[in-house]
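For reference, input-v3.txt (compact mmCIF, C-alpha atoms):
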# COMPACT_ATOMS: atom_id res chain seq x y z
CA MET V 1 1.49 -9.83 6.94
CA GLY V 2 2.50 -6.47 8.36
CA GLY V 3 4.14 -4.78 11.28
CA LYS V 4 7.59 -4.93 12.77
CA VAL V 5 8.89 -7.65 15.08
CA THR V 6 11.43 -5.73 17.08
CA CYS V 7 13.14 -5.21 20.44
CA THR V 8 15.35 -2.69 22.22
CA LEU V 9 19.07 -2.29 21.65
CA GLY V 10 19.57 -3.49 25.23
CA GLU V 11 18.07 -6.84 24.25
CA VAL V 12 20.35 -6.95 21.21
CA LYS V 13 23.36 -6.36 23.46
CA ASN V 14 22.35 -9.03 25.96
CA ARG V 15 20.92 -11.68 23.63
CA ALA V 16 21.77 -11.34 19.92
CA ASP V 17 24.15 -14.02 18.63
CA PHE V 18 23.39 -13.50 14.92
CA ILE V 19 23.36 -10.01 13.44
CA ILE V 20 22.69 -8.97 9.85
CA TYR V 21 23.34 -5.43 8.61
CA TRP V 22 21.69 -4.83 5.25
CA GLY V 23 22.31 -1.70 3.14
CA GLY V 24 23.98 0.17 5.97
CA ASN V 25 27.52 1.16 6.90
CA PRO V 26 27.51 1.44 10.69
CA ALA V 27 31.33 1.63 10.90
CA GLU V 28 31.02 5.11 9.35
CA CYS V 29 27.44 6.21 9.93
CA HIS V 30 26.70 4.75 13.39
CA PRO V 31 30.24 4.42 14.75
CA ARG V 32 29.19 3.36 18.28
CA HIS V 33 26.73 0.69 17.17
CA PHE V 34 29.23 -2.19 17.10
CA SER V 35 30.90 -1.29 20.37
CA LYS V 36 27.81 -0.35 22.43
CA TYR V 37 25.17 -2.81 21.27
CA THR V 38 25.85 -5.39 18.61
CA LEU V 39 29.37 -6.83 18.44
CA THR V 40 31.99 -6.24 21.08
CA GLN V 41 29.84 -5.93 24.22
CA LYS V 42 29.60 -8.92 26.53
CA GLY V 43 25.90 -9.55 27.06
CA LYS V 44 24.05 -11.46 29.76
CA PHE V 45 23.36 -14.37 27.38
CA VAL V 46 26.35 -13.69 25.11
CA PRO V 47 29.15 -13.80 27.70
CA GLU V 48 31.91 -14.23 25.10
CA GLY V 49 31.16 -10.89 23.46
CA ARG V 50 32.45 -10.71 19.87
CA LYS V 51 33.36 -14.42 19.78
CA GLY V 52 29.81 -15.34 20.67
CA ARG V 53 28.27 -13.37 17.82
CA THR V 54 28.19 -13.80 14.04
CA MET V 55 27.82 -10.72 11.86
CA VAL V 56 26.72 -10.72 8.22
CA LEU V 57 26.93 -7.61 6.06
CA VAL V 58 24.86 -7.31 2.88
CA ASP V 59 25.79 -4.38 0.64
CA ILE V 60 26.58 -3.41 -2.93
CA ARG V 61 30.11 -2.24 -2.13
CA GLU V 62 32.83 -3.22 0.32
CA THR V 63 32.46 -0.52 2.96
CA MET V 64 34.46 -0.03 6.17
CA SER V 65 31.86 -2.21 7.93
CA ALA V 66 32.95 -5.23 5.84
CA LYS V 67 36.13 -5.43 7.95
CA ALA V 68 34.02 -6.12 11.04
CA ALA V 69 31.85 -8.74 9.33
CA ASP V 70 32.24 -12.51 9.53
CA ILE V 71 30.43 -12.90 6.20
CA PHE V 72 30.16 -10.21 3.54
CA LEU V 73 27.56 -10.68 0.79
CA GLN V 74 28.20 -8.26 -2.05
CA ILE V 75 25.03 -8.10 -4.10
CA ARG V 76 24.42 -6.24 -7.37
CA PRO V 77 22.88 -2.74 -7.14
CA GLY V 78 19.07 -2.78 -7.14
CA LYS V 79 18.81 -6.52 -6.41
CA ASP V 80 17.91 -6.29 -2.71
CA PHE V 81 14.29 -7.30 -3.22
CA GLU V 82 15.29 -10.40 -5.19
CA VAL V 83 17.78 -11.46 -2.49
CA VAL V 84 15.28 -10.91 0.34
CA THR V 85 12.61 -12.85 -1.55
CA THR V 86 15.03 -15.72 -2.21
CA LEU V 87 15.93 -15.86 1.48
CA ARG V 88 12.22 -15.98 2.38
CA ALA V 89 11.73 -18.84 -0.08
CA LEU V 90 14.73 -20.76 1.29
CA VAL V 91 13.52 -20.25 4.88
CA LYS V 92 10.31 -22.04 3.85
CA SER V 93 12.24 -24.68 1.86
CA GLN V 94 10.67 -23.54 -1.41
CA PRO V 95 12.44 -24.19 -4.74
CA VAL V 96 14.37 -21.26 -6.26
CA ASN V 97 15.71 -20.64 -9.77
CA ARG V 98 19.52 -20.78 -9.71
CA GLU V 99 19.98 -18.60 -12.80
CA ARG V 100 17.67 -15.90 -11.48
CA VAL V 101 19.44 -15.96 -8.12
CA ALA V 102 22.85 -15.69 -9.86
CA GLU V 103 21.70 -12.36 -11.37
CA THR V 104 21.75 -10.87 -7.88
CA GLY V 105 25.52 -11.38 -7.57
CA VAL V 106 25.33 -14.19 -4.98
CA THR V 107 24.73 -17.93 -5.27
CA VAL V 108 21.97 -20.13 -3.87
CA GLU V 109 24.62 -21.90 -1.74
CA GLN V 110 25.68 -18.61 -0.12
CA LEU V 111 22.07 -17.75 0.68
CA GLN V 112 21.28 -21.27 1.92
CA ASP V 113 24.29 -20.99 4.25
CA ILE V 114 22.90 -17.72 5.65
CA VAL V 115 19.45 -19.28 6.13
CA ASP V 116 20.96 -22.30 7.93
CA ARG V 117 22.90 -19.99 10.25
CA MET V 118 19.77 -17.88 10.86
CA LYS V 119 17.81 -20.96 11.87
CA ARG V 120 20.62 -22.14 14.19
CA ALA V 121 20.79 -18.76 15.96
CA ARG V 122 19.26 -18.31 19.40
CA PHE V 123 18.43 -14.64 18.87
CA GLY V 124 18.81 -13.05 15.44
CA VAL V 125 18.48 -9.41 14.44
CA ILE V 126 18.37 -7.68 11.07
CA PHE V 127 19.35 -4.01 10.91
CA PHE V 128 18.53 -2.35 7.61
CA GLY V 129 19.74 0.99 6.29
CA MET V 130 19.04 3.45 3.52
CA GLY V 131 20.90 1.25 1.05
CA LEU V 132 17.78 -0.89 1.19
CA SER V 133 15.03 1.71 1.59
CA MET V 134 16.22 4.44 -0.79
CA THR V 135 17.10 2.26 -3.74
CA ARG V 136 15.04 0.35 -6.33
CA GLY V 137 12.14 -1.35 -4.55
CA LYS V 138 12.13 1.17 -1.66
CA HIS V 139 9.30 0.32 0.78
CA MET V 140 8.81 -3.11 -0.79
CA ASN V 141 12.42 -3.95 0.17
CA SER V 142 11.71 -2.85 3.75
CA ALA V 143 8.48 -4.88 3.78
CA GLY V 144 10.43 -7.93 2.54
CA ILE V 145 12.98 -7.61 5.34
CA LEU V 146 10.29 -7.09 7.99
CA ASN V 147 8.44 -10.18 6.74
CA LEU V 148 11.66 -12.23 6.67
CA ALA V 149 12.28 -11.38 10.34
CA ALA V 150 8.65 -12.16 11.26
CA GLU V 151 8.68 -15.49 9.37
CA MET V 152 11.94 -16.56 11.03
CA ASN V 153 10.05 -16.67 14.34
CA ALA V 154 8.60 -20.01 13.24
CA PHE V 155 12.15 -21.37 13.81
CA THR V 156 13.87 -19.14 16.37
CA LYS V 157 13.67 -15.66 17.91
CA PHE V 158 14.30 -13.04 15.21
CA VAL V 159 13.79 -9.26 15.21
CA CYS V 160 14.29 -6.36 12.85
CA MET V 161 15.22 -2.68 13.22
CA PRO V 162 15.82 0.19 10.77
CA MET V 163 19.16 2.01 11.15
CA ARG V 164 17.67 5.46 11.66
CA GLY V 165 19.50 8.58 10.58
CA HIS V 166 21.04 11.43 12.48
CA GLY V 167 19.35 13.65 15.05
CA ASN V 168 15.93 12.71 16.28
CA VAL V 169 14.22 11.31 13.15
CA THR V 170 12.81 8.43 15.19
CA GLY V 171 11.27 10.97 17.59
CA ALA V 172 9.50 12.75 14.72
CA ASP V 173 7.96 9.44 13.59
CA VAL V 174 6.99 8.32 17.10
CA VAL V 175 5.40 11.63 18.12
CA LEU V 176 3.46 11.89 14.83
CA ARG V 177 2.30 8.31 15.33
CA TRP V 178 0.88 8.89 18.79
CA THR V 179 -0.64 12.27 17.92
CA THR V 180 -2.11 11.47 14.49
CA GLY V 181 -1.86 7.70 14.07
CA TYR V 182 0.57 8.00 11.14
CA PRO V 183 4.38 8.31 11.05
CA PHE V 184 4.90 10.86 8.22
CA GLY V 185 3.21 12.38 5.17
CA VAL V 186 0.30 13.62 7.30
CA SER V 187 -1.98 16.49 6.24
CA LEU V 188 -3.96 18.34 8.93
CA SER V 189 -5.41 20.87 6.48
CA ARG V 190 -8.99 19.64 7.02
CA GLY V 191 -8.67 19.71 10.78
CA TYR V 192 -8.14 15.96 11.09
CA PRO V 193 -5.15 13.82 10.06
CA ARG V 194 -4.97 12.30 6.60
CA PHE V 195 -2.04 10.06 5.56
CA ASN V 196 -0.93 9.72 1.98
CA PRO V 197 2.76 9.31 1.09
CA GLY V 198 3.37 10.74 -2.37
CA GLU V 199 0.65 13.35 -1.84
CA PHE V 200 1.40 14.84 1.58
CA SER V 201 5.05 13.80 1.98
CA THR V 202 7.52 16.70 2.08
CA VAL V 203 9.54 15.88 -1.04
CA ASP V 204 6.44 15.46 -3.21
CA LEU V 205 4.75 18.62 -1.88
CA LEU V 206 7.84 20.70 -2.56
CA VAL V 207 8.66 19.22 -5.98
CA ARG V 208 5.08 19.83 -7.16
CA GLY V 209 5.08 23.28 -5.53
CA ASP V 210 1.84 22.59 -3.61
CA ASN V 211 2.70 24.50 -0.43
CA ASP V 212 3.00 28.29 -0.19
CA ALA V 213 5.06 28.51 3.02
CA ALA V 214 7.48 26.26 4.93
CA LEU V 215 8.74 26.00 8.51
CA ILE V 216 11.91 23.90 8.66
CA LEU V 217 12.85 22.58 12.08
CA GLY V 218 16.16 20.79 12.67
CA ALA V 219 16.66 19.73 9.04
CA ASP V 220 18.55 20.89 6.00
CA PRO V 221 16.47 20.05 2.92
CA GLY V 222 18.61 22.56 0.97
CA ALA V 223 21.43 19.99 1.06
CA THR V 224 19.46 16.76 0.90
CA MET V 225 16.35 17.06 -1.28
CA PRO V 226 15.95 17.03 -5.08
CA GLN V 227 16.81 20.36 -6.75
CA PRO V 228 13.21 21.32 -7.74
CA ALA V 229 12.21 20.98 -4.06
CA ILE V 230 15.10 23.26 -3.05
CA ASP V 231 14.16 25.78 -5.76
CA HIS V 232 10.58 25.87 -4.44
CA LEU V 233 11.78 26.56 -0.89
CA GLY V 234 13.60 29.59 -2.31
CA ARG V 235 10.41 30.88 -3.97
CA ILE V 236 8.11 30.71 -0.94
CA PRO V 237 8.43 32.23 2.56
CA THR V 238 10.65 29.70 4.32
CA ILE V 239 11.53 29.94 8.00
CA VAL V 240 14.42 27.88 9.40
CA LEU V 241 15.10 27.05 13.04
CA ASP V 242 18.64 25.72 13.42
CA PRO V 243 21.63 26.23 15.70
CA LYS V 244 23.83 26.66 12.60
CA VAL V 245 23.53 28.45 9.29
CA THR V 246 22.73 25.74 6.75
CA HIS V 247 22.14 25.57 3.00
CA THR V 248 18.41 25.97 3.72
CA SER V 249 19.09 29.11 5.82
CA ARG V 250 20.70 30.69 2.74
CA LEU V 251 17.50 30.40 0.71
CA ALA V 252 15.08 31.10 3.59
CA ARG V 253 13.43 34.46 4.31
CA VAL V 254 14.03 34.04 8.05
CA HIS V 255 16.63 32.04 10.00
CA ILE V 256 16.18 31.83 13.77
CA THR V 257 19.24 30.60 15.64
CA THR V 258 18.28 28.19 18.42
CA ALA V 259 20.16 26.46 21.23
CA VAL V 260 21.60 23.00 20.55
CA THR V 261 19.34 20.37 22.11
CA GLY V 262 21.27 18.16 24.49
CA VAL V 263 24.14 20.65 24.75
CA SER V 264 22.42 23.85 25.84
CA ALA V 265 18.71 23.03 25.70
CA THR V 266 16.72 20.33 27.41
CA GLY V 267 14.45 17.91 25.56
CA THR V 268 13.77 14.30 24.68
CA VAL V 269 15.25 12.32 21.82
CA TYR V 270 14.24 8.86 20.65
CA ARG V 271 16.93 6.28 20.06
CA MET V 272 16.56 4.14 16.92
CA ASP V 273 14.83 1.45 19.01
CA GLU V 274 12.20 4.08 19.96
CA ILE V 275 13.36 4.43 23.55
CA PRO V 276 12.89 8.06 24.70
CA LEU V 277 15.97 9.57 26.30
CA PRO V 278 15.75 12.79 28.34
CA LEU V 279 18.57 15.24 27.67
CA ARG V 280 20.17 17.44 30.29
CA PRO V 281 21.97 20.52 28.96
CA ALA V 282 25.59 20.94 30.04
CA LEU V 283 26.05 24.54 28.89
CA GLN V 284 24.02 27.72 28.78
CA SER V 285 23.10 29.33 25.50
CA PRO V 286 22.08 32.91 24.66
CA TYR V 287 19.65 31.44 22.13
CA PRO V 288 16.13 30.15 22.84
CA SER V 289 15.30 26.46 22.44
CA ASP V 290 13.31 25.21 19.43
CA GLU V 291 10.40 24.59 21.80
CA GLU V 292 10.37 28.19 23.06
CA VAL V 293 10.44 29.61 19.53
CA ILE V 294 7.64 27.32 18.31
CA LYS V 295 5.50 28.15 21.37
CA ARG V 296 5.96 31.90 20.75
CA ILE V 297 5.07 31.52 17.06
CA SER V 298 2.07 29.41 18.02
CA ARG V 299 0.85 32.04 20.53
CA ALA V 300 1.27 34.85 17.99
CA VAL V 301 -0.64 32.87 15.33
CA ALA V 302 -3.42 32.01 17.83
CA ALA V 303 -3.83 35.70 18.72
CA LYS V 304 -4.57 36.61 15.08
CA PRO V 305 -8.19 36.57 13.88
CA SER V 306 -9.13 33.43 11.97
CA TRP V 307 -8.84 33.77 8.20
CA ILE V 308 -11.86 31.49 7.75
CA PRO V 309 -15.11 33.52 7.84
CA ALA V 310 -17.35 32.64 10.78
CA PRO V 311 -20.20 30.38 9.65
CA GLN V 312 -23.56 32.13 9.42
CA SER V 313 -26.72 30.39 10.49
CA ALA V 314 -29.60 30.15 7.99
CA THR V 315 -31.69 32.54 10.15
CA THR V 316 -29.11 35.32 10.21
CA ALA V 317 -28.14 34.81 6.57
CA PHE V 318 -31.70 35.37 5.31
CA ALA V 319 -32.91 37.84 7.95
CA MET O 320 36.17 12.05 -24.98
CA GLU O 321 34.03 9.10 -23.95
CA ARG O 322 30.79 9.17 -21.99
CA ARG O 323 29.91 6.06 -20.03
CA ARG O 324 27.00 5.11 -17.87
CA PHE O 325 27.51 4.20 -14.22
CA ILE O 326 25.37 3.40 -11.20
CA MET O 327 25.63 6.28 -8.77
CA ASN O 328 25.66 5.32 -5.13
CA ALA O 329 25.39 8.24 -2.71
CA GLY O 330 25.96 7.79 1.02
CA ARG O 331 27.42 9.25 4.17
CA THR O 332 30.96 9.14 5.53
CA THR O 333 32.40 9.69 9.02
CA LYS O 334 34.54 12.55 7.70
CA GLN O 335 31.46 14.29 6.36
CA GLY O 336 29.64 13.83 9.68
CA GLN O 337 32.54 15.42 11.57
CA GLN O 338 32.77 18.30 9.10
CA ILE O 339 29.03 19.08 9.43
CA CYS O 340 29.73 19.91 13.09
CA ALA O 341 32.19 22.57 11.93
CA GLY O 342 29.58 23.98 9.50
CA LYS O 343 28.55 23.33 5.95
CA ASP O 344 30.29 26.49 4.70
CA ASN O 345 33.56 24.92 5.76
CA ALA O 346 35.93 24.42 2.79
CA GLU O 347 36.73 20.88 3.92
CA TYR O 348 33.05 19.90 3.94
CA GLN O 349 32.58 21.43 0.50
CA ALA O 350 35.58 19.45 -0.76
CA THR O 351 34.24 16.19 0.72
CA VAL O 352 30.77 16.49 -0.83
CA GLY O 353 32.29 17.63 -4.12
CA THR O 354 34.52 14.56 -4.52
CA MET O 355 33.42 11.26 -6.03
CA SER O 356 35.24 7.91 -5.98
CA MET O 357 35.53 5.50 -8.86
CA HIS O 358 37.29 2.22 -9.70
CA PRO O 359 40.75 2.89 -11.21
CA GLU O 360 39.97 0.74 -14.27
CA ASP O 361 36.80 2.71 -14.95
CA MET O 362 38.75 5.96 -14.70
CA LYS O 363 41.27 4.65 -17.18
CA ALA O 364 38.52 3.52 -19.56
CA VAL O 365 36.79 6.91 -19.55
CA GLY O 366 40.10 8.83 -19.61
CA ILE O 367 39.92 10.50 -16.22
CA LEU O 368 42.99 11.56 -14.27
CA SER O 369 42.84 11.13 -10.49
CA GLY O 370 42.05 14.53 -8.97
CA SER O 371 40.59 16.00 -12.15
CA THR O 372 37.08 17.42 -12.56
CA VAL O 373 34.38 15.39 -14.30
CA ARG O 374 30.84 16.17 -15.43
CA VAL O 375 28.09 13.85 -14.20
CA ARG O 376 24.62 13.78 -15.80
CA SER O 377 21.45 12.06 -14.72
CA GLU O 378 17.88 12.23 -16.02
CA SER O 379 17.25 15.02 -13.53
CA GLY O 380 20.26 17.27 -13.97
CA GLU O 381 24.02 17.60 -14.12
CA THR O 382 26.89 18.72 -11.93
CA THR O 383 30.66 18.44 -11.63
CA PHE O 384 32.82 16.54 -9.14
CA LYS O 385 36.48 16.06 -8.45
CA CYS O 386 37.15 12.39 -9.25
CA VAL O 387 39.50 10.19 -7.25
CA GLU O 388 40.28 6.47 -7.22
CA GLY O 389 38.47 4.43 -4.61
CA LYS O 390 37.62 0.89 -3.54
CA ILE O 391 34.40 0.90 -5.51
CA PRO O 392 33.05 -1.95 -7.69
CA GLN O 393 33.47 -1.42 -11.43
CA GLY O 394 30.49 0.28 -13.03
CA MET O 395 29.67 2.25 -9.86
CA ILE O 396 30.59 5.66 -8.47
CA PHE O 397 30.32 6.76 -4.85
CA VAL O 398 29.62 10.32 -3.66
CA PRO O 399 28.83 11.64 -0.16
CA TYR O 400 25.39 13.29 -0.04
CA GLY O 401 25.46 17.06 -0.49
CA PRO O 402 24.21 19.93 -2.65
CA ALA O 403 25.75 18.38 -5.78
CA THR O 404 23.88 15.06 -5.40
CA CYS O 405 20.61 17.06 -5.01
CA ARG O 406 20.96 18.11 -8.65
CA LEU O 407 21.17 14.48 -9.79
CA MET O 408 18.70 12.58 -7.61
CA GLY O 409 15.26 11.39 -8.71
CA GLN O 410 12.60 14.06 -8.25
CA MET O 411 9.48 12.05 -7.49
CA SER O 412 9.01 9.47 -4.78
CA ASP O 413 6.71 7.05 -6.69
CA GLY O 414 4.10 7.45 -3.98
CA THR O 415 6.44 6.42 -1.16
CA GLY O 416 7.53 9.82 0.18
CA MET O 417 11.15 8.78 -0.38
CA PRO O 418 13.03 10.06 -3.45
CA THR O 419 15.36 7.63 -5.21
CA SER O 420 18.56 8.77 -3.57
CA LYS O 421 20.72 5.79 -4.42
CA GLY O 422 21.40 3.58 -7.39
CA TRP O 423 20.40 5.80 -10.28
CA GLU O 424 22.11 5.76 -13.69
CA VAL O 425 24.42 8.61 -14.59
CA GLU O 426 26.78 9.48 -17.43
CA VAL O 427 30.32 10.46 -16.51
CA GLU O 428 32.63 12.38 -18.83
CA PRO O 429 35.91 14.17 -18.31
CA ILE O 430 35.90 17.93 -18.80
CA PRO O 431 38.03 18.65 -21.94
CA SER O 432 40.39 21.10 -20.21
CA GLU O 433 41.18 18.38 -17.66
CA LEU O 434 41.98 15.64 -20.19
CA PRO O 435 45.47 14.13 -20.03
CA ALA O 436 47.93 15.40 -22.66
CA GLU O 437 48.62 11.84 -23.85
CA PRO O 438 45.77 9.37 -24.44
CA ILE O 439 45.56 6.73 -21.73
CA ALA O 440 46.19 3.22 -23.00
CA SER O 441 43.28 0.94 -22.21
Please lay out the structure from this file as structure tokens.
Amino acid sequence: MGGKVTCTLGEVKNRADFIIYWGGNPAECHPRHFSKYTLTQKGKFVPEGRKGRTMVLVDIRETMSAKAADIFLQIRPGKDFEVVTTLRALVKSQPVNRERVAETGVTVEQLQDIVDRMKRARFGVIFFGMGLSMTRGKHMNSAGILNLAAEMNAFTKFVCMPMRGHGNVTGADVVLRWTTGYPFGVSLSRGYPRFNPGEFSTVDLLVRGDNDAALILGADPGATMPQPAIDHLGRIPTIVLDPKVTHTSRLARVHITTAVTGVSATGTVYRMDEIPLPLRPALQSPYPSDEEVIKRISRAVAAKPSWIPAPQSATTAFA
Amino acid sequence: MERRRFIMNAGRTTKQGQQICAGKDNAEYQATVGTMSMHPEDMKAVGILSGSTVRVRSESGETTFKCVEGKIPQGMIFVPYGPATCRLMGQMSDGTGMPTSKGWEVEVEPIPSELPAEPIAS
């Protein structure tokens, strides 16, 4: 099975009566999520608002979000995959090993209770964060959660959505998807898109030192990536486009200050449910927008002669 | 001086998010990403005073943090993402494109000059 059974945040607001947050801390990292979409809003089919919704938090520590949860499942670090798999088994009424389940930090009874509640829900949603996707199991954990949501549709309506990070990371994925067919880790070096995470993904390219130049747009890998990747950015010509001086700017050869999108530059951002939102700038900026800078660089590069020698025909080559 | 192994859990905080808006050169941001939280019993067991500096080592590298008590499960430490966590995180993505940024094993030890004058009773 593959794919993502999902919806918009508007549907969550108007319909969701059972919400699971897994490996995320929205109270701190998405502070408007509860109040705008998932918990306190009164929806068309959830007229009671908070009272009409049940929220379950699954995490390895008691974060600020636990205070907002009706049920908090504290699992052991690195046991997400085991818990997801157990839930999938219980959903299908398959037998599970109690001792093996106990190693995850929760009991079969706790998980069975969650499954019963999931099946009783009218519209369930699972939001999953980096606590699931950046820890042991990584993409297999995400696949498990996506499958759990899909399989729940044999019993009731259930959807799934990743809690995307800051800025416009969803937009980067969506635009790459419609232009190349792949969401990230895409190489265009042969003139057509090739997708291979681990080979063409940014972290791996930089750690191995495969690339000999870098253009960083709206990101700060100097404060987020593994140290060997940061060291490589310092060795090669790195160009940064950012409204602020960042850690990456410090190790780059060139930093170009740009206007802040949404504040002083127009543009489109994608919400985490992949809804595009047009932005109208409220202020003027002396700096160009990212788009203007990229277009100017693109024009200057296009005006240069190609570094690939023009192909010679057999006739001219042997004349 | 005792070294003990812990699960390191890096994440984001609201405070950090607000401080990024003021700039990453800001002293407050630097202090936030340079401070780790730990269970008080773990601190006692390793001999760490609240507010002192500790050395943290992983397979990939080492760095120092200011250590404070926090509501963290025993056996785990929490640090907001920042330049210091970059030195500790896993370097390869195992073919996923995503480095292991959470839940890796680290050793924590107090820095000798920051040890308490009297040994802490366990």
Within 7 Å of region 48-52 of chain V using only C-alpha atoms, minus same-chain residues under 3 positions, as a CSV table (one decimal) with C-alpha atoms, in the coordinates of the input:
chain,number,residue,atom,x,y,z
V,17,ASP,CA,24.2,-14.0,18.6
V,39,LEU,CA,29.4,-6.8,18.4
V,40,THR,CA,32.0,-6.2,21.1
V,41,GLN,CA,29.8,-5.9,24.2
V,42,LYS,CA,29.6,-8.9,26.5
V,43,GLY,CA,25.9,-9.6,27.1
Using all atoms listed in the file, find each residue in chain V having at least one atom no more than 6 Å away from chain O; report its shortest atom-to-atom pair and that distance in Å (one decimal), rows by chain then rising number, as a tab-separated table.
residue	atom	partner	partner_atom	distance
V:Glu28	CA	O:Thr333	CA	4.8
V:Met134	CA	O:Thr419	CA	5.5
V:Thr135	CA	O:Lys421	CA	5.1
V:Pro197	CA	O:Gly416	CA	4.9
V:Gly198	CA	O:Gly414	CA	3.7
V:Ser201	CA	O:Gly416	CA	5.0
V:Ala223	CA	O:Pro402	CA	4.6
V:Met225	CA	O:Cys405	CA	5.7
V:Pro226	CA	O:Cys405	CA	4.7
V:Gln227	CA	O:Arg406	CA	5.1
Show which residues sit within 12 Å of Arg253 (chain V), as a ChimeraX atom specification. Count all atoms listed in the file, and ignore same-chain residues fewer than 6 positions away. /V:213-216,233-241
Take the selection from the previous step and output its residues with C-alpha atoms, as a JSON list (two decimals), in the frame of the given file.
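The resulting file, result_23.json, is shown below:
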[["chain", "number", "residue", "atom", "x", "y", "z"],
["V", 213, "ALA", "CA", 5.06, 28.51, 3.02],
["V", 214, "ALA", "CA", 7.48, 26.26, 4.93],
["V", 215, "LEU", "CA", 8.74, 26.00, 8.51],
["V", 216, "ILE", "CA", 11.91, 23.90, 8.66],
["V", 233, "LEU", "CA", 11.78, 26.56, -0.89],
["V", 234, "GLY", "CA", 13.60, 29.59, -2.31],
["V", 235, "ARG", "CA", 10.41, 30.88, -3.97],
["V", 236, "ILE", "CA", 8.11, 30.71, -0.94],
["V", 237, "PRO", "CA", 8.43, 32.23, 2.56],
["V", 238, "THR", "CA", 10.65, 29.70, 4.32],
["V", 239, "ILE", "CA", 11.53, 29.94, 8.00],
["V", 240, "VAL", "CA", 14.42, 27.88, 9.40],
["V", 241, "LEU", "CA", 15.10, 27.05, 13.04]]
Within 9 Å of region 359-363 of chain O, counting all atoms listed in the file, which residues show up once you throw out same-chain ones fewer than 3 positions away? Write them as a ChimeraX atom specification, please. /O:366-369,386-391,393-395,439-441
Between CA of Val84 (chain V) and CA of Thr8 (chain V), distance in Å (one decimal): 23.4 Å
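Note that the spacing between CA of Ser289 (chain V) and CA of His255 (chain V) amounts to 13.7 Å.
Considering only C-alpha atoms, the residue among V:Gln312, V:Asn14, V:Asn211, V:Thr170 positioned nearest to Ser187 (chain V) is V:Asn211.
If all atoms listed in the file are the atoms counted, then among V:Ala229, V:Ile75, V:Val115, V:Val46 the closest residue to Gly209 (chain V) is V:Ala229.
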Residues near Asp70 (chain V), anyone? I mean within 7 Å using all atoms listed in the file, not counting same-chain ones fewer than 6 positions away, as a PDB file with C-alpha atoms, in the coordinates of the input.
ATOM      1  CA  THR V  54      28.190 -13.800  14.040  1.00  0.00           C
ATOM      2  CA  MET V  55      27.820 -10.720  11.860  1.00  0.00           C
ATOM      3  CA  VAL V  56      26.720 -10.720   8.220  1.00  0.00           C
TER       4      VAL V  56
END
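In this comparison, which uses only C-alpha atoms, the residue of V:Ala282, V:Cys7, V:Ala89, V:Ile20 approaching Ser65 (chain V) most closely is V:Ile20.
The space between CA of His33 (chain V) and CA of Thr104 (chain V) spans 28.0 Å.
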My list of candidates is V:Met272, V:Ala252, V:Val5, V:Ala16. Which is closest to Ala149 (chain V) when distances are computed with all atoms listed in the file? V:Val5
I'd like the neighbourhood of Phe158 (chain V) as a ChimeraX atom specification, where a residue qualifies if any of its atoms comes within 6 Å (using all atoms listed in the file), though same-chain residues fewer than 2 positions away should be ignored. /V:123-125,149,152-153
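Remark: residues at most 12 Å from position (-6.2, 13.1, 10.9) in file coordinates are Leu176, Arg177, Trp178, Thr179, Thr180, Gly181, Tyr182, Pro183, Phe184, Gly185, Val186, Ser187, Leu188, Ser189, Arg190, Gly191, Tyr192, Pro193, Arg194, Phe195 and Asn196 of chain V, using only C-alpha atoms.
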I need the residues from that last selection saved to file as a tab-separated table (two decimals), keeping the file's coordinate frame (with C-alpha atoms), if you can.
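result-v3.tsv written:
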chain	number	residue	atom	x	y	z
V	176	LEU	CA	3.46	11.89	14.83
V	177	ARG	CA	2.30	8.31	15.33
V	178	TRP	CA	0.88	8.89	18.79
V	179	THR	CA	-0.64	12.27	17.92
V	180	THR	CA	-2.11	11.47	14.49
V	181	GLY	CA	-1.86	7.70	14.07
V	182	TYR	CA	0.57	8.00	11.14
V	183	PRO	CA	4.38	8.31	11.05
V	184	PHE	CA	4.90	10.86	8.22
V	185	GLY	CA	3.21	12.38	5.17
V	186	VAL	CA	0.30	13.62	7.30
V	187	SER	CA	-1.98	16.49	6.24
V	188	LEU	CA	-3.96	18.34	8.93
V	189	SER	CA	-5.41	20.87	6.48
V	190	ARG	CA	-8.99	19.64	7.02
V	191	GLY	CA	-8.67	19.71	10.78
V	192	TYR	CA	-8.14	15.96	11.09
V	193	PRO	CA	-5.15	13.82	10.06
V	194	ARG	CA	-4.97	12.30	6.60
V	195	PHE	CA	-2.04	10.06	5.56
V	196	ASN	CA	-0.93	9.72	1.98
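Comparing the minimum interatomic distances between Met357 (chain O) and each of V:Lys295, V:Lys4, V:Arg61, V:Arg53, counting all atoms listed in the file, we find that V:Arg61 sits nearest.
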Where is the centre and how long are the edges: axis-aligned box on region 333-339 of chain O, 5 Å on each side, Å to one decimal, as JSON:
{"center_x": 31.8, "center_y": 14.4, "center_z": 9.0, "size_x": 15.5, "size_y": 19.4, "size_z": 15.2}
